[in-house]
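As provided, run-v5.cif (mmCIF, C-alpha atoms) reads as follows.
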```
data_structure
loop_
_atom_site.label_atom_id
_atom_site.label_comp_id
_atom_site.auth_asym_id
_atom_site.auth_seq_id
_atom_site.Cartn_x
_atom_site.Cartn_y
_atom_site.Cartn_z
CA MET A 1 -24.94 16.37 -27.18
CA LYS A 2 -25.24 13.81 -29.93
CA THR A 3 -22.91 10.86 -29.83
CA ASN A 4 -21.87 11.17 -33.45
CA GLU A 5 -20.90 14.80 -32.83
CA LEU A 6 -18.76 13.68 -29.95
CA ILE A 7 -17.16 11.03 -32.14
CA SER A 8 -16.27 13.50 -34.88
CA MET A 9 -14.87 15.84 -32.29
CA LEU A 10 -12.72 13.13 -30.76
CA SER A 11 -11.50 11.85 -34.10
CA SER A 12 -10.26 15.06 -35.63
CA GLN A 13 -6.49 15.42 -35.31
CA VAL A 14 -5.77 12.12 -33.63
CA ASP A 15 -2.24 12.08 -32.25
CA PRO A 16 -0.13 8.95 -32.46
CA VAL A 17 0.38 7.56 -28.95
CA ASP A 18 3.04 5.41 -27.34
CA THR A 19 1.43 2.38 -25.70
CA ARG A 20 4.62 1.37 -23.89
CA GLU A 21 4.93 4.63 -22.02
CA VAL A 22 2.73 3.61 -19.06
CA VAL A 23 4.95 0.61 -18.33
CA ARG A 24 8.09 2.67 -18.76
CA ASN A 25 6.77 5.25 -16.29
CA VAL A 26 6.21 2.59 -13.64
CA ARG A 27 9.66 1.07 -14.19
CA ILE A 28 11.28 4.49 -13.87
CA ALA A 29 9.29 5.15 -10.69
CA ILE A 30 10.49 1.86 -9.19
CA LEU A 31 14.10 2.78 -9.99
CA VAL A 32 13.68 6.28 -8.56
CA GLY A 33 12.06 4.82 -5.44
CA ALA A 34 14.89 2.29 -5.12
CA ALA A 35 17.51 5.03 -5.42
CA ALA A 36 15.74 7.12 -2.75
CA SER A 37 15.50 4.11 -0.41
CA LEU A 38 19.18 3.29 -0.89
CA LEU A 39 20.20 6.87 -0.15
CA ALA A 40 18.02 6.92 2.97
CA VAL A 41 19.50 3.68 4.29
CA VAL A 42 23.10 4.52 3.39
CA PHE A 43 23.07 8.07 4.73
CA VAL A 44 20.56 7.90 7.58
CA LEU A 45 20.89 4.37 8.94
CA GLY A 46 24.35 3.47 7.58
CA VAL A 47 25.57 0.31 5.88
CA ARG A 48 26.47 -2.54 8.27
CA THR A 49 30.20 -2.46 9.06
CA ASP A 50 30.95 -6.19 9.00
CA LEU A 51 30.40 -6.80 5.30
CA ASN A 52 33.93 -8.15 4.89
CA GLU A 53 32.91 -11.25 6.87
CA ILE A 54 31.57 -14.29 5.02
CA HIS A 55 28.75 -14.82 7.54
CA ALA A 56 27.41 -11.30 7.00
CA GLN A 57 27.70 -11.64 3.22
CA VAL A 58 25.77 -14.92 3.20
CA PHE A 59 22.87 -13.42 5.15
CA LEU A 60 22.89 -10.24 3.10
CA ILE A 61 22.52 -12.41 0.01
CA ALA A 62 19.70 -14.39 1.67
CA LYS A 63 17.81 -11.19 2.54
CA LEU A 64 18.35 -9.76 -0.93
CA ALA A 65 17.24 -13.00 -2.57
CA PHE A 66 13.96 -12.80 -0.68
CA SER A 67 13.27 -9.08 -1.09
CA LEU A 68 14.39 -8.92 -4.72
CA SER A 69 12.27 -11.92 -5.68
CA VAL A 70 9.30 -10.07 -4.13
CA VAL A 71 10.15 -6.93 -6.12
CA ILE A 72 10.68 -8.74 -9.42
CA LEU A 73 7.55 -10.86 -9.17
CA ALA A 74 5.32 -8.02 -7.93
CA SER A 75 6.53 -5.50 -10.51
CA HIS A 76 6.03 -8.08 -13.26
CA TYR A 77 2.34 -8.22 -12.34
CA LEU A 78 2.02 -4.54 -11.47
CA VAL A 79 2.80 -3.49 -15.04
CA LYS A 80 -0.03 -5.77 -16.21
CA TYR A 81 -2.52 -4.45 -13.66
CA ILE A 82 -2.04 -0.79 -14.59
CA ARG A 83 -3.93 -1.26 -17.87
CA PRO A 84 -7.73 -1.58 -18.02
CA GLY A 85 -8.60 -5.25 -17.73
CA GLY A 86 -5.09 -6.12 -16.55
CA GLU A 87 -6.62 -8.03 -13.63
CA PHE A 88 -7.79 -10.66 -16.11
CA ARG A 89 -4.19 -11.38 -17.13
CA GLY A 90 -2.14 -10.96 -13.95
CA ARG A 91 -1.82 -13.71 -11.40
CA PHE A 92 -1.91 -11.76 -8.20
CA ALA A 93 -1.87 -14.89 -6.02
CA LEU A 94 1.55 -15.96 -7.33
CA THR A 95 3.20 -13.05 -5.49
CA VAL A 96 2.81 -15.11 -2.33
CA LEU A 97 5.53 -17.57 -3.48
CA PRO A 98 8.61 -15.79 -2.03
CA PHE A 99 6.78 -15.47 1.30
CA LEU A 100 5.92 -19.14 1.29
CA ALA A 101 9.54 -20.05 0.48
CA ILE A 102 11.04 -17.94 3.29
CA MET A 103 8.46 -19.24 5.76
CA ILE A 104 9.28 -22.85 4.94
CA ILE A 105 13.02 -22.19 5.24
CA ALA A 106 12.45 -20.36 8.55
CA ALA A 107 10.33 -23.22 9.89
CA ILE A 108 13.04 -25.74 8.99
CA SER A 109 15.70 -23.63 10.69
CA LEU A 110 13.53 -23.33 13.82
CA ALA A 111 12.79 -27.06 13.82
CA THR A 112 16.48 -27.93 13.75
CA ALA A 113 17.40 -25.47 16.53
CA PRO A 114 17.01 -26.01 20.28
CA ARG A 115 13.84 -24.51 21.71
CA SER A 116 15.81 -22.15 23.95
CA HIS A 117 17.16 -20.34 20.87
CA TRP A 118 13.77 -19.70 19.34
CA GLU A 119 13.13 -16.35 20.93
CA THR A 120 16.45 -14.91 19.73
CA MET A 121 15.94 -16.43 16.28
CA VAL A 122 12.56 -14.77 15.88
CA PHE A 123 13.16 -11.42 17.54
CA GLY A 124 16.87 -10.87 16.88
CA SER A 125 18.25 -7.69 18.43
CA TYR A 126 16.62 -5.00 16.32
CA TRP A 127 13.11 -6.18 15.44
CA LEU A 128 11.59 -2.85 16.43
CA GLU A 129 13.96 -0.93 14.17
CA CYS A 130 13.09 -3.25 11.30
CA LEU A 131 9.37 -2.87 11.99
CA ILE A 132 9.62 0.92 11.81
CA ALA A 133 12.32 1.33 9.16
CA ILE A 134 10.93 -0.82 6.33
CA PRO A 135 7.45 0.80 6.17
CA THR A 136 8.97 4.28 6.63
CA VAL A 137 11.57 3.85 3.91
CA ALA A 138 8.81 2.41 1.67
CA VAL A 139 6.86 5.70 1.67
CA VAL A 140 8.94 7.38 -1.05
CA PRO A 141 8.97 4.43 -3.49
CA PHE A 142 5.25 3.93 -2.85
CA ALA A 143 4.49 7.57 -3.66
CA ALA A 144 6.65 7.43 -6.79
CA ILE A 145 5.04 4.19 -8.01
CA MET A 146 1.49 5.35 -7.28
CA SER A 147 2.00 8.60 -9.17
CA ALA A 148 3.24 6.62 -12.19
CA VAL A 149 0.32 4.18 -11.93
CA ARG A 150 -2.08 7.14 -11.91
CA LEU A 151 -0.92 7.98 -15.44
CA ALA A 152 -2.37 4.65 -16.56
CA ALA A 153 -5.93 3.44 -15.94
CA PRO A 154 -6.13 0.39 -13.66
CA THR A 155 -9.60 -1.09 -13.25
CA ASP A 156 -8.88 -3.22 -10.17
CA LEU A 157 -7.81 -0.51 -7.76
CA VAL A 158 -7.46 -2.70 -4.67
CA ARG A 159 -5.09 -5.20 -6.23
CA THR A 160 -3.19 -2.58 -8.20
CA GLY A 161 -2.68 -0.60 -4.99
CA ALA A 162 -1.66 -3.77 -3.17
CA LEU A 163 0.91 -4.60 -5.85
CA ALA A 164 2.29 -1.06 -5.69
CA GLY A 165 2.62 -1.46 -1.89
CA LEU A 166 4.23 -4.85 -2.34
CA VAL A 167 6.84 -3.50 -4.76
CA ALA A 168 7.51 -0.50 -2.48
CA GLY A 169 7.85 -2.75 0.58
CA GLY A 170 10.19 -5.08 -1.31
CA VAL A 171 12.31 -2.17 -2.52
CA SER A 172 12.49 -0.78 1.00
CA ALA A 173 13.43 -4.17 2.51
CA THR A 174 16.14 -4.56 -0.13
CA ALA A 175 17.69 -1.27 0.91
CA TYR A 176 17.23 -1.96 4.62
CA ALA A 177 19.05 -5.31 4.26
CA LEU A 178 22.28 -3.34 3.75
CA HIS A 179 21.92 -1.94 7.26
CA CYS A 180 20.27 -4.81 9.16
CA MET A 181 22.56 -6.84 11.47
CA ASP A 182 20.06 -9.55 12.44
CA ASP A 183 21.27 -12.64 10.63
CA LEU A 184 18.54 -15.16 11.38
CA LEU A 185 16.17 -16.79 8.92
CA PRO A 186 13.05 -16.74 11.17
CA PHE A 187 13.75 -13.05 11.83
CA ILE A 188 13.83 -12.35 8.09
CA ALA A 189 10.63 -14.33 7.52
CA LEU A 190 8.70 -12.51 10.24
CA TRP A 191 10.01 -8.96 10.18
CA TYR A 192 10.92 -8.58 6.52
CA GLY A 193 7.95 -10.63 5.37
CA GLY A 194 5.59 -9.01 7.88
CA THR A 195 6.53 -5.42 7.11
CA ILE A 196 6.29 -6.04 3.36
CA VAL A 197 2.81 -7.50 3.90
CA LEU A 198 1.97 -4.41 5.93
CA CYS A 199 2.99 -2.19 2.99
CA THR A 200 0.83 -4.37 0.71
CA VAL A 201 -2.22 -3.98 2.93
CA ALA A 202 -1.65 -0.22 3.09
CA GLY A 203 -1.47 -0.16 -0.71
CA ALA A 204 -4.71 -2.14 -1.00
CA VAL A 205 -6.49 0.29 1.33
CA LEU A 206 -5.10 3.40 -0.38
CA GLY A 207 -5.53 2.07 -3.93
CA PRO A 208 -9.22 2.91 -4.39
CA LYS A 209 -8.65 6.37 -2.89
CA LEU A 210 -5.51 7.33 -4.79
CA LEU A 211 -6.00 5.59 -8.12
CA ARG A 212 -9.61 6.50 -9.01
CA TRP A 213 -10.08 7.97 -12.44
CA MET B 214 -21.63 -6.45 -35.07
CA THR B 215 -17.96 -5.83 -35.72
CA LYS B 216 -15.48 -8.57 -34.97
CA GLU B 217 -12.52 -8.39 -32.59
CA SER B 218 -10.01 -8.62 -35.46
CA ASP B 219 -11.63 -5.70 -37.31
CA LEU B 220 -11.82 -3.58 -34.18
CA LYS B 221 -8.24 -4.36 -33.31
CA ALA B 222 -7.03 -3.41 -36.80
CA LEU B 223 -8.85 -0.07 -36.44
CA MET B 224 -7.31 0.48 -33.00
CA THR B 225 -3.81 -0.29 -34.28
CA ALA B 226 -4.24 2.29 -37.05
CA SER B 227 -5.77 4.85 -34.71
CA LEU B 228 -2.87 4.50 -32.26
CA GLN B 229 -0.61 5.54 -35.12
CA GLY B 230 -2.64 8.69 -35.62
CA ASP B 231 -5.14 7.60 -38.31
CA SER B 232 -8.19 9.82 -37.73
CA ASN B 233 -10.48 7.89 -40.04
CA ALA B 234 -9.70 4.61 -38.33
CA HIS B 235 -10.27 6.32 -35.00
CA ARG B 236 -13.67 7.57 -36.12
CA SER B 237 -14.69 4.12 -37.43
CA LEU B 238 -13.47 2.51 -34.23
CA LEU B 239 -15.42 4.88 -31.97
CA THR B 240 -18.52 4.53 -34.12
CA ALA B 241 -18.35 0.73 -34.02
CA LEU B 242 -17.65 0.71 -30.29
CA SER B 243 -20.48 3.13 -29.55
CA GLY B 244 -22.92 0.50 -30.84
CA HIS B 245 -21.45 -2.18 -28.61
CA LEU B 246 -21.35 0.17 -25.64
CA ARG B 247 -24.94 1.26 -26.17
CA SER B 248 -26.29 -2.28 -26.05
CA TYR B 249 -24.02 -3.13 -23.12
CA TYR B 250 -25.13 -0.14 -21.04
CA LYS B 251 -28.76 -0.47 -22.03
CA SER B 252 -28.96 -4.01 -20.71
CA ARG B 253 -26.91 -3.28 -17.58
CA LEU B 254 -28.88 -0.18 -16.67
CA LEU B 255 -32.10 -2.08 -17.18
CA ARG B 256 -30.86 -4.84 -14.93
CA SER B 257 -29.86 -2.34 -12.21
CA GLY B 258 -33.20 -0.60 -12.49
CA ARG B 259 -31.78 2.68 -13.75
CA PRO B 260 -33.46 5.08 -16.18
CA ALA B 261 -32.65 4.48 -19.84
CA GLU B 262 -31.75 8.15 -20.37
CA GLU B 263 -28.47 7.43 -18.63
CA THR B 264 -27.39 5.07 -21.43
CA GLU B 265 -26.12 7.76 -23.75
CA ASP B 266 -24.29 9.62 -20.95
CA LEU B 267 -22.41 6.42 -20.19
CA VAL B 268 -21.75 5.65 -23.85
CA GLN B 269 -20.24 9.09 -24.30
CA GLU B 270 -18.27 8.94 -21.11
CA ALA B 271 -16.84 5.55 -22.12
CA LEU B 272 -15.98 6.88 -25.60
CA ILE B 273 -14.13 9.79 -24.05
CA VAL B 274 -12.21 7.42 -21.79
CA ILE B 275 -11.40 5.12 -24.71
CA HIS B 276 -10.10 8.16 -26.55
CA THR B 277 -8.10 9.73 -23.74
CA GLN B 278 -6.80 6.44 -22.35
CA ARG B 279 -5.97 4.77 -25.65
CA HIS B 280 -2.29 4.78 -24.66
CA THR B 281 -3.14 2.23 -21.93
CA TYR B 282 -4.12 -0.39 -24.51
CA ASP B 283 -1.49 -3.11 -24.98
CA PRO B 284 -1.39 -3.87 -28.75
CA GLU B 285 -0.22 -7.41 -28.01
CA GLN B 286 -3.52 -8.17 -26.29
CA PRO B 287 -7.05 -8.47 -27.71
CA LEU B 288 -9.00 -5.20 -27.76
CA THR B 289 -12.39 -6.41 -26.52
CA PRO B 290 -11.35 -7.16 -22.90
CA TRP B 291 -9.74 -3.72 -22.69
CA VAL B 292 -12.92 -1.99 -23.88
CA TYR B 293 -15.07 -4.18 -21.65
CA ALA B 294 -12.94 -3.40 -18.59
CA ILE B 295 -13.31 0.35 -19.23
CA ALA B 296 -17.06 0.05 -19.86
CA ARG B 297 -17.54 -1.97 -16.70
CA TYR B 298 -15.36 0.35 -14.60
CA LYS B 299 -17.37 3.38 -15.76
CA LEU B 300 -20.66 1.58 -15.14
CA ILE B 301 -19.72 0.66 -11.57
CA ASP B 302 -18.45 4.19 -11.02
CA HIS B 303 -21.70 5.61 -12.39
CA LEU B 304 -23.93 3.35 -10.31
CA ARG B 305 -21.96 4.18 -7.18
CA ARG B 306 -22.08 7.90 -7.89
CA THR B 307 -25.77 8.04 -8.61
CA ARG B 308 -26.92 5.46 -6.11
CA THR B 309 -30.49 6.15 -5.09
CA THR B 310 -33.21 3.86 -3.96
CA THR B 311 -34.20 1.39 -6.62
CA ALA B 312 -37.70 1.07 -5.17
CA ASP B 313 -39.13 3.91 -7.25
CA VAL B 314 -38.26 2.38 -10.61
CA PRO B 315 -41.42 0.98 -12.18
CA LEU B 316 -41.43 -2.28 -14.10
CA GLU B 317 -42.82 -0.59 -17.25
CA ASN B 318 -39.27 0.54 -17.87
CA ALA B 319 -38.71 -2.66 -19.78
CA GLU B 320 -41.08 -1.77 -22.61
CA TYR B 321 -39.73 1.70 -22.69
CA ILE B 322 -36.20 0.47 -23.21
CA LEU B 323 -37.11 -2.02 -25.88
CA ALA B 324 -38.97 0.69 -27.73
CA SER B 325 -36.13 3.16 -27.69
CA ASP B 326 -34.23 3.91 -30.85
CA ASP B 327 -30.73 2.54 -31.32
CA ASN B 328 -28.71 4.95 -33.39
CA ALA B 329 -25.61 7.03 -33.11
CA ALA B 330 -27.54 10.30 -33.20
CA ALA B 331 -28.75 9.49 -29.71
CA GLU B 332 -28.32 12.40 -27.41
CA SER B 333 -26.82 12.64 -23.96
CA GLN B 334 -27.82 15.13 -21.33
CA LEU B 335 -24.65 17.15 -21.88
CA ASP B 336 -25.04 20.63 -23.26
CA LEU B 337 -22.19 21.19 -25.68
CA ALA B 338 -23.07 24.84 -26.19
CA LYS B 339 -22.59 25.56 -22.49
CA LEU B 340 -19.23 23.80 -22.46
CA PHE B 341 -18.20 25.76 -25.55
CA GLU B 342 -18.72 29.01 -23.67
CA ARG B 343 -16.03 28.00 -21.23
CA LEU B 344 -13.36 27.81 -23.94
CA PRO B 345 -11.06 30.74 -24.73
CA GLU B 346 -12.42 32.73 -27.67
CA ARG B 347 -9.82 31.78 -30.29
CA MET B 348 -10.34 28.08 -29.59
CA ARG B 349 -14.11 28.43 -29.54
CA LEU B 350 -14.15 30.23 -32.89
CA SER B 351 -11.76 27.78 -34.54
CA LEU B 352 -13.85 24.83 -33.38
CA GLN B 353 -17.10 26.56 -34.29
CA TYR B 354 -16.03 27.38 -37.84
CA VAL B 355 -14.31 24.12 -38.71
CA LYS B 356 -16.04 21.48 -36.61
CA ILE B 357 -19.57 22.80 -36.47
CA ASP B 358 -20.05 25.12 -39.46
CA GLY B 359 -17.93 22.81 -41.61
CA LEU B 360 -15.64 25.48 -43.07
CA SER B 361 -12.16 24.55 -44.27
CA VAL B 362 -9.18 25.59 -42.17
CA ALA B 363 -8.31 28.27 -44.75
CA GLU B 364 -11.84 29.74 -44.69
CA ALA B 365 -11.87 29.72 -40.91
CA ALA B 366 -8.51 31.47 -40.91
CA ASP B 367 -9.88 34.17 -43.25
CA ARG B 368 -12.99 34.73 -41.24
CA SER B 369 -11.27 34.86 -37.85
CA GLY B 370 -8.16 36.71 -38.93
CA MET B 371 -5.91 33.99 -37.57
CA SER B 372 -3.28 32.16 -39.58
CA PRO B 373 -4.25 28.67 -40.79
CA SER B 374 -1.69 27.05 -38.50
CA ALA B 375 -3.06 29.02 -35.54
CA VAL B 376 -6.54 27.73 -36.38
CA LYS B 377 -5.22 24.16 -36.41
CA VAL B 378 -3.43 24.62 -33.11
CA ASN B 379 -6.52 26.18 -31.56
CA ILE B 380 -8.73 23.33 -32.77
CA HIS B 381 -6.29 20.86 -31.36
CA ARG B 382 -6.00 22.55 -27.97
CA GLY B 383 -9.69 23.36 -27.85
CA LEU B 384 -10.59 19.71 -28.39
CA LYS B 385 -8.29 18.68 -25.58
CA ILE B 386 -9.83 21.18 -23.18
CA LEU B 387 -13.34 20.30 -24.31
CA THR B 388 -12.68 16.61 -23.75
CA ALA B 389 -11.47 17.40 -20.25
CA LEU B 390 -14.54 19.58 -19.62
CA ILE B 391 -16.89 16.82 -20.79
CA ALA B 392 -15.09 14.28 -18.64
CA GLY B 393 -15.41 16.67 -15.67
CA GLU B 394 -19.06 17.32 -16.42
CA THR B 395 -20.04 13.66 -16.56
CA LYS B 396 -18.28 13.15 -13.22
CA ALA B 397 -20.19 15.92 -11.48
#
```

Show me, as structure tokens, the structure contained in the file I just sent.
Amino acid sequence: MKTNELISMLSSQVDPVDTREVVRNVRIAILVGAAASLLAVVFVLGVRTDLNEIHAQVFLIAKLAFSLSVVILASHYLVKYIRPGGEFRGRFALTVLPFLAIMIIAAISLATAPRSHWETMVFGSYWLECLIAIPTVAVVPFAAIMSAVRLAAPTDLVRTGALAGLVAGGVSATAYALHCMDDLLPFIALWYGGTIVLCTVAGAVLGPKLLRW
Amino acid sequence: MTKESDLKALMTASLQGDSNAHRSLLTALSGHLRSYYKSRLLRSGRPAEETEDLVQEALIVIHTQRHTYDPEQPLTPWVYAIARYKLIDHLRRTRTTTADVPLENAEYILASDDNAAAESQLDLAKLFERLPERMRLSLQYVKIDGLSVAEAADRSGMSPSAVKVNIHRGLKILTALIAGETKA
């Protein structure tokens, strides 16, 4: 086929297109994923029962501050990465900031506590539940986000997948925080941070497989 | 060579549904893409015949993915990212040994003609056969034989609006077929 034939074929009846739609799709997918995660945590795991106590409220806010800053930062870059060439504009490395912040805070809290408390501060009572719940709850938001990203055309599939995993992990951790009774900063840094990183790695591995176009 | 600002103005118009701007844009970009692919294929030791396949594949992607362009950003990086992505994809898909590519390729490439009538290895006629009859006829009459929509409607016994719809749908399917074909 001749290239000028192809061009005339492609340029007859050109429809107007909406260039904001791809971003809107991803935002909707994040909201849908968040709603699904919330429902799963509220109805399957249950909301923690001591939320009328100040102590519980303070730690809920701390967990949400961490997980929501991950979600906001990662989704800000994700919507850049979904377009061809987006990797030249997004600053993927900046998404590490919330993790750095929580790790510093956790280290300070460990440093000021007696050594005998360290094990409890790191492992809490329900570390295994956290380790299983956050990646599991993240599956639905991840699937929703990836299917929206597929409607765009990312050209850096590893990082786009990683960002999708990061957002999904952050969304899942946000929902899980409503259930989680372990109120310790090192616990949050390791188990929230660690499981979100796990989701990110999964996204990076799945990105090239699921997002190819 | 066309400048970024000119290309971007064409893209902005084409996103609003301006067919002429779209045609000018694709024509201008095909030149850029051709020289890009020619040099990259040469550097990777690939046959020059693949240039036009890649140019056409990239044009189809630029057309079908034009909604992923952010009008607040420059156009060139967007086009370049697509061209590069398709090149990497192509090289990966067709990876063979590079040992059997002779050095004389260089002269061959420099000698080859650089115009938009260049042909790819796609057979449009074969793809046409896979379209439903009404779409094939509408496209054949209007796009290939150059009849007006009214004449095509007369000849095929369809209403003019049916001809338009069939051209529109047929083009969409054809684009998808070409995209599928270049992948295979």

Exercise. Select, from A:Val149, A:Ala101, A:Met121, A:Ala56, the residue with the minimum atom-to-atom distance to chain B, counting only C-alpha atoms.
Key: A:Val149

Self-check item: Top pick for closest residue to chain A, considering B:Arg279, B:Arg368, B:Arg349, B:Lys221 and counting all atoms listed in the file
Solution: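 The shortest atom-to-atom distance to chain A comes from B:Arg279.
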
Select residues of chain B: the criterion is any atom within 7 Å of an atom of chain A, counting all atoms listed in the file; output as a PDB file with C-alpha atoms, in the frame of the given file.
```pdb
ATOM      1  CA  LEU B 228      -2.870   4.500 -32.260  1.00  0.00           C
ATOM      2  CA  GLN B 229      -0.610   5.540 -35.120  1.00  0.00           C
ATOM      3  CA  GLY B 230      -2.640   8.690 -35.620  1.00  0.00           C
ATOM      4  CA  ASP B 231      -5.140   7.600 -38.310  1.00  0.00           C
ATOM      5  CA  SER B 232      -8.190   9.820 -37.730  1.00  0.00           C
ATOM      6  CA  HIS B 235     -10.270   6.320 -35.000  1.00  0.00           C
ATOM      7  CA  ARG B 236     -13.670   7.570 -36.120  1.00  0.00           C
ATOM      8  CA  LEU B 239     -15.420   4.880 -31.970  1.00  0.00           C
ATOM      9  CA  THR B 240     -18.520   4.530 -34.120  1.00  0.00           C
ATOM     10  CA  GLN B 269     -20.240   9.090 -24.300  1.00  0.00           C
ATOM     11  CA  HIS B 280      -2.290   4.780 -24.660  1.00  0.00           C
ATOM     12  CA  THR B 281      -3.140   2.230 -21.930  1.00  0.00           C
ATOM     13  CA  TYR B 282      -4.120  -0.390 -24.510  1.00  0.00           C
ATOM     14  CA  ASP B 283      -1.490  -3.110 -24.980  1.00  0.00           C
ATOM     15  CA  PRO B 290     -11.350  -7.160 -22.900  1.00  0.00           C
ATOM     16  CA  TRP B 291      -9.740  -3.720 -22.690  1.00  0.00           C
ATOM     17  CA  ALA B 294     -12.940  -3.400 -18.590  1.00  0.00           C
ATOM     18  CA  ILE B 295     -13.310   0.350 -19.230  1.00  0.00           C
ATOM     19  CA  TYR B 298     -15.360   0.350 -14.600  1.00  0.00           C
ATOM     20  CA  ALA B 329     -25.610   7.030 -33.110  1.00  0.00           C
ATOM     21  CA  ALA B 330     -27.540  10.300 -33.200  1.00  0.00           C
ATOM     22  CA  ALA B 331     -28.750   9.490 -29.710  1.00  0.00           C
ATOM     23  CA  GLU B 332     -28.320  12.400 -27.410  1.00  0.00           C
ATOM     24  CA  SER B 333     -26.820  12.640 -23.960  1.00  0.00           C
ATOM     25  CA  GLN B 334     -27.820  15.130 -21.330  1.00  0.00           C
ATOM     26  CA  LEU B 335     -24.650  17.150 -21.880  1.00  0.00           C
ATOM     27  CA  ASP B 336     -25.040  20.630 -23.260  1.00  0.00           C
ATOM     28  CA  LEU B 337     -22.190  21.190 -25.680  1.00  0.00           C
ATOM     29  CA  HIS B 381      -6.290  20.860 -31.360  1.00  0.00           C
ATOM     30  CA  LEU B 384     -10.590  19.710 -28.390  1.00  0.00           C
TER      31      LEU B 384
END
```

Self-check item: For atom CA of Leu178 of chain A and atom CA of Thr195 of chain A, the interatomic separation in Å (one decimal)
Solution: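 Between these atoms lies a distance of 16.2 Å.
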
Once the PyMOL selection byres ((chain A and resi 148) around 12) has been applied to the shown file, what residues remain in the selection, as a CSV table (one decimal) with C-alpha atoms, in the coordinates of the input?
```csv
chain,number,residue,atom,x,y,z
A,21,GLU,CA,4.9,4.6,-22.0
A,22,VAL,CA,2.7,3.6,-19.1
A,23,VAL,CA,5.0,0.6,-18.3
A,24,ARG,CA,8.1,2.7,-18.8
A,25,ASN,CA,6.8,5.2,-16.3
A,26,VAL,CA,6.2,2.6,-13.6
A,27,ARG,CA,9.7,1.1,-14.2
A,28,ILE,CA,11.3,4.5,-13.9
A,29,ALA,CA,9.3,5.2,-10.7
A,30,ILE,CA,10.5,1.9,-9.2
A,31,LEU,CA,14.1,2.8,-10.0
A,32,VAL,CA,13.7,6.3,-8.6
A,33,GLY,CA,12.1,4.8,-5.4
A,78,LEU,CA,2.0,-4.5,-11.5
A,79,VAL,CA,2.8,-3.5,-15.0
A,82,ILE,CA,-2.0,-0.8,-14.6
A,141,PRO,CA,9.0,4.4,-3.5
A,142,PHE,CA,5.2,3.9,-2.8
A,143,ALA,CA,4.5,7.6,-3.7
A,144,ALA,CA,6.6,7.4,-6.8
A,145,ILE,CA,5.0,4.2,-8.0
A,146,MET,CA,1.5,5.4,-7.3
A,147,SER,CA,2.0,8.6,-9.2
A,149,VAL,CA,0.3,4.2,-11.9
A,150,ARG,CA,-2.1,7.1,-11.9
A,151,LEU,CA,-0.9,8.0,-15.4
A,152,ALA,CA,-2.4,4.6,-16.6
A,153,ALA,CA,-5.9,3.4,-15.9
A,154,PRO,CA,-6.1,0.4,-13.7
A,160,THR,CA,-3.2,-2.6,-8.2
A,161,GLY,CA,-2.7,-0.6,-5.0
A,164,ALA,CA,2.3,-1.1,-5.7
A,210,LEU,CA,-5.5,7.3,-4.8
A,211,LEU,CA,-6.0,5.6,-8.1
```

Quiz item: Within 12 Å of (-7.6, -3.4, -32.9), only C-alpha atoms: residues as a VMD selection string?
Solution: chain B and resid 215 to 229 234 to 235 237 to 239 241 to 242 279 282 to 292

Exercise. Between atom CA of Ala365 of chain B and atom CA of Glu346 of chain B, measure the distance and give it in Å to one decimal.
Key: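 Distance between the two atoms: 13.6 Å.
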
Exercise. For the structure provided, state which residues fall under the PyMOL selection byres ((chain A and resi 196) around 9), and present them as a list in words.
Key: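 Taken over the shown coordinates, the PyMOL selection byres ((chain A and resi 196) around 9) returns Ser67, Ile134, Pro135, Ala138, Gly165, Leu166, Val167, Ala168, Gly169, Gly170, Ser172, Ala173, Trp191, Tyr192, Gly193, Gly194, Thr195, Val197, Leu198, Cys199, Thr200 and Val201 of chain A.
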
Name the residues that the PyMOL selection byres ((chain B and resi 264) around 10) picks from the file above, as a PDB file with C-alpha atoms, in the coordinates of the input, using the file's chain letters and numbers.
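Done, and the output landed in out.pdb:
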```pdb
ATOM      1  CA  LEU B 246     -21.350   0.170 -25.640  1.00  0.00           C
ATOM      2  CA  ARG B 247     -24.940   1.260 -26.170  1.00  0.00           C
ATOM      3  CA  SER B 248     -26.290  -2.280 -26.050  1.00  0.00           C
ATOM      4  CA  TYR B 249     -24.020  -3.130 -23.120  1.00  0.00           C
ATOM      5  CA  TYR B 250     -25.130  -0.140 -21.040  1.00  0.00           C
ATOM      6  CA  LYS B 251     -28.760  -0.470 -22.030  1.00  0.00           C
ATOM      7  CA  SER B 252     -28.960  -4.010 -20.710  1.00  0.00           C
ATOM      8  CA  ARG B 253     -26.910  -3.280 -17.580  1.00  0.00           C
ATOM      9  CA  LEU B 254     -28.880  -0.180 -16.670  1.00  0.00           C
ATOM     10  CA  LEU B 255     -32.100  -2.080 -17.180  1.00  0.00           C
ATOM     11  CA  ARG B 259     -31.780   2.680 -13.750  1.00  0.00           C
ATOM     12  CA  PRO B 260     -33.460   5.080 -16.180  1.00  0.00           C
ATOM     13  CA  ALA B 261     -32.650   4.480 -19.840  1.00  0.00           C
ATOM     14  CA  GLU B 262     -31.750   8.150 -20.370  1.00  0.00           C
ATOM     15  CA  GLU B 263     -28.470   7.430 -18.630  1.00  0.00           C
ATOM     16  CA  GLU B 265     -26.120   7.760 -23.750  1.00  0.00           C
ATOM     17  CA  ASP B 266     -24.290   9.620 -20.950  1.00  0.00           C
ATOM     18  CA  LEU B 267     -22.410   6.420 -20.190  1.00  0.00           C
ATOM     19  CA  VAL B 268     -21.750   5.650 -23.850  1.00  0.00           C
ATOM     20  CA  GLN B 269     -20.240   9.090 -24.300  1.00  0.00           C
ATOM     21  CA  GLU B 270     -18.270   8.940 -21.110  1.00  0.00           C
ATOM     22  CA  LEU B 300     -20.660   1.580 -15.140  1.00  0.00           C
ATOM     23  CA  ALA B 331     -28.750   9.490 -29.710  1.00  0.00           C
ATOM     24  CA  GLU B 332     -28.320  12.400 -27.410  1.00  0.00           C
ATOM     25  CA  SER B 333     -26.820  12.640 -23.960  1.00  0.00           C
TER      26      SER B 333
END
```
